[in-house]
Amino acid sequence: MGSKWRKAKLALGLNTCLYAPQTSEDSSPSNGVVATRLSDAALPTPPALSPTDHGSDYRPTTPTPSSSGLRLSKSGTKASKRTCAICLATMKPGQGHAIFTAECSHSFHFHCITSNVKHGNQICPVCRAKWKEVPFQNPSSNLSNGPSRINPAPWPQDDPWMTVVRRLPSPRMESNRQITSLFHAPEPVIFDDDEALDQQPESNDRITSNVDVANNNQIHTVEVKTYPEVLAVPRLSSHNNFTVLIHLEAPLIASQNSSNPMEMPPTSQDPRAPVDLVTVLDVSGSMAGTKLALLKRAMGFVVQNLGPSDRLSVIAFSSTARRLFPLRRMTESGRQQALQAVNSLISNGGTNIAEGLRKGAKVLVDRKCKNPVCSIILLSDGQDTYTVSGPIGNNQRTNYQSLLPISIHRNNGAGLQIPVHAFGFGADHDASSMHTISENSGGTFSFIEAESVIQDAFAQCIGGLLSVVVQELQVEVECVHPHSQLSSIKAGSYRTTIMADARTGSIRVGDLYAEEERDFLVTLNVPVDEYTSETSLLTVRCIYKDSITKEMVLQEANNLKIQRPEVARQQVVSIEVDRQRNRLRAAEAMAEARAAAENGDLAGAVSVLESCRRALSETASMQTGDRLCMALCAELKEMQERMANRRVYEESGRAYVLSGLSSHSWQRATARGDSTDSTSLVQSYQTPSMVDMVNRSQTMVFGNPPQRSLQPTQSFPGRTRPR
């Protein structure tokens, strides 16, 4: 269904609109009625955001009545003009029907839109823009007999391309004047002008134990389970590389415990941690046209889905970077200002990713107030031409790390946790640099191959960011038997530590989204134990911060024990352990294939992927029809096809493989290929909140957006959860 809607949107030209509120400088006749004739030359155009003569700063201008929309491509403009988005009938001059063109640039039959307005609807049914000027019908006019003339005007009788509007009162004139001065104001040296937050609870250093948690309904605990690879080992036998799976699952968002979370009063705040989000957006010359229009539309979706406690800042970069919008709360007025800032974007210049990230990091480092969750979204369609030089590849461009400010490097020891979620847009972006940026900051890398998927990709990302329930999570493991020692902890990109005595180890996990899962494999030795019927192997405990209460929680699990019979029957390997071994095996094959491809050995890369796929197909979990294993096999096959030759690998193979590696190493959903489509197999790690937000993105076309529900859709092929 989602794909059909997308096709309909493309046919109607709906993928290229973003509305920004008009400013107080908008002019209108004193009688409150405007009647103008529009031609192709008078189509709305975006305000200029041009560099200074020296290319050092952006000077965005405030949108005006003639620039409240985007400059659309000719084909898109004609398509949207030919069809009324309400009745879906054609619109052509001379057919006897008046045609209304709104300030957001969408056109409708006059009689269709006045019927909407008559019932109090002052929102564009296509892009959800709030109109300041609405069409109204003169009671004495007869629309069936041609254009309605509210005021005398020297128009040709058969020219229905007109706008007949009534000016709505604007209570925010002063606010709009502030926007104008904001766009033209010079940037401060220190970005400490962030908007103040509502009073929030202080961080509580007291550690809450399991008992306290049981008596506190406000704290929802992380579920911890352990699975040995087999349930029994003979008493007189030892096992040197015995595998234990540690499975974690984050709790629900508090409102999800209600049968209908949308029944909460509209004035109540969502029971989740508010977010400070900085978007760093590429507006270089290569973003011109459809790409920029789709980016604006996707940013509009982000703005509309942030809550009043969330804060947003917008950084635009090309040859240099400019902070267009300081860190502001997304109240109604904040959203209007943010939309106006986004709508001011135009494309020109080169690509200076490092400067864009520097300013994006500066916004979060310099802020006076801090929301519990913070992140940077980086989007680029090109290659940094200022900081990094040399041909693209794994070995040739070794200074990718210089693109990321040291202040937000996850290994800098400063305690800042600011992940950069990077989005490579189209076939020409530098996937290696974007992957390095995300990996070194603790974020994810997504590959937006089809330009029209950008909004869904952003939706999936913010669906996670807006559902953080656990922060600063650290998992600690300790051997129980005096003769046991840890051999390894396999945790992907998460930092692990094994102490010198090999008796204890830890995994630094960080934040978890609601219902997000993590799986780690620990190997240790099982010693001979001839006098007992069972052996205690491992204890696991978690320490983390509850993102809502800000209390530290200490959660201990029961000891993992295995049976020690005198003679063990033939043991069946745990399906849960087997499937996680398959995940790690596939990720290792992807990394090996990528290294071979970068060295020019595409045939060797394909061979590695095929060998892994065949091995996975013969495992116990695959034989049971496990969805994760099926997804891994499908992904390995897709990667083989994208390594068919050098051209295909350069255009999409490298980015697809790196996005897959990012997803599996962090066990977090990324966008790649058709992964955001509900029918795709490659949907590993999506949470219900992500699925919900993507559904909202794919169905928000006409009318009101769908009511939010934090339950996964029926078509969501979720991960099989260990029992």
# chains A, B, ... in the order shown; residues from 1 in each chain; ligands from 1

call {"tool": "residues_around", "arguments": {"residues": "region 84-91 of chain A", "least_positions_apart": "6", "cutoff": "8 Å", "atoms": "only C-alpha atoms", "output": "JSON, numbers by chain"}}
result
{"A": [12, 97, 99, 107, 108, 109, 112, 113, 125, 126]}

call {"tool": "residues_around", "arguments": {"residues": "Arg541 (chain A)", "least_positions_apart": "6", "cutoff": "7 Å", "atoms": "only C-alpha atoms", "output": "PyMOL selection string"}}
result
chain A and resi 475-477+555-557

call {"tool": "closest_residue", "arguments": {"among": "A:Asn440, A:Gln474, A:Asn343, A:Asn371", "to": "Arg329 (chain A)", "atoms": "only C-alpha atoms"}}
result
A:Asn371

call {"tool": "residues_around", "arguments": {"residues": "Asp546 (chain A)", "least_positions_apart": "3", "cutoff": "7 Å", "atoms": "only C-alpha atoms", "output": "list in words"}}
result
Ile219, Val469, Val470, Gln471, Thr549, Lys550, Glu551, Met552 and Val553 of chain A

call {"tool": "closest_residue", "arguments": {"among": "A:Ala589, A:Val222, A:Ala634, A:Leu281", "to": "Ala605 (chain A)", "atoms": "only C-alpha atoms"}}
result
A:Ala589

call {"tool": "atom_distance", "arguments": {"atom1": "CA of Arg613 (chain A)", "atom2": "CA of Leu632 (chain A)"}}
result
8.0 Å

call {"tool": "residues_around", "arguments": {"residues": "Gly349 (chain A)", "least_positions_apart": "4", "cutoff": "9 Å", "atoms": "only C-alpha atoms", "output": "VMD selection string"}}
result
chain A and resid 51 55 283 to 286 317 to 320
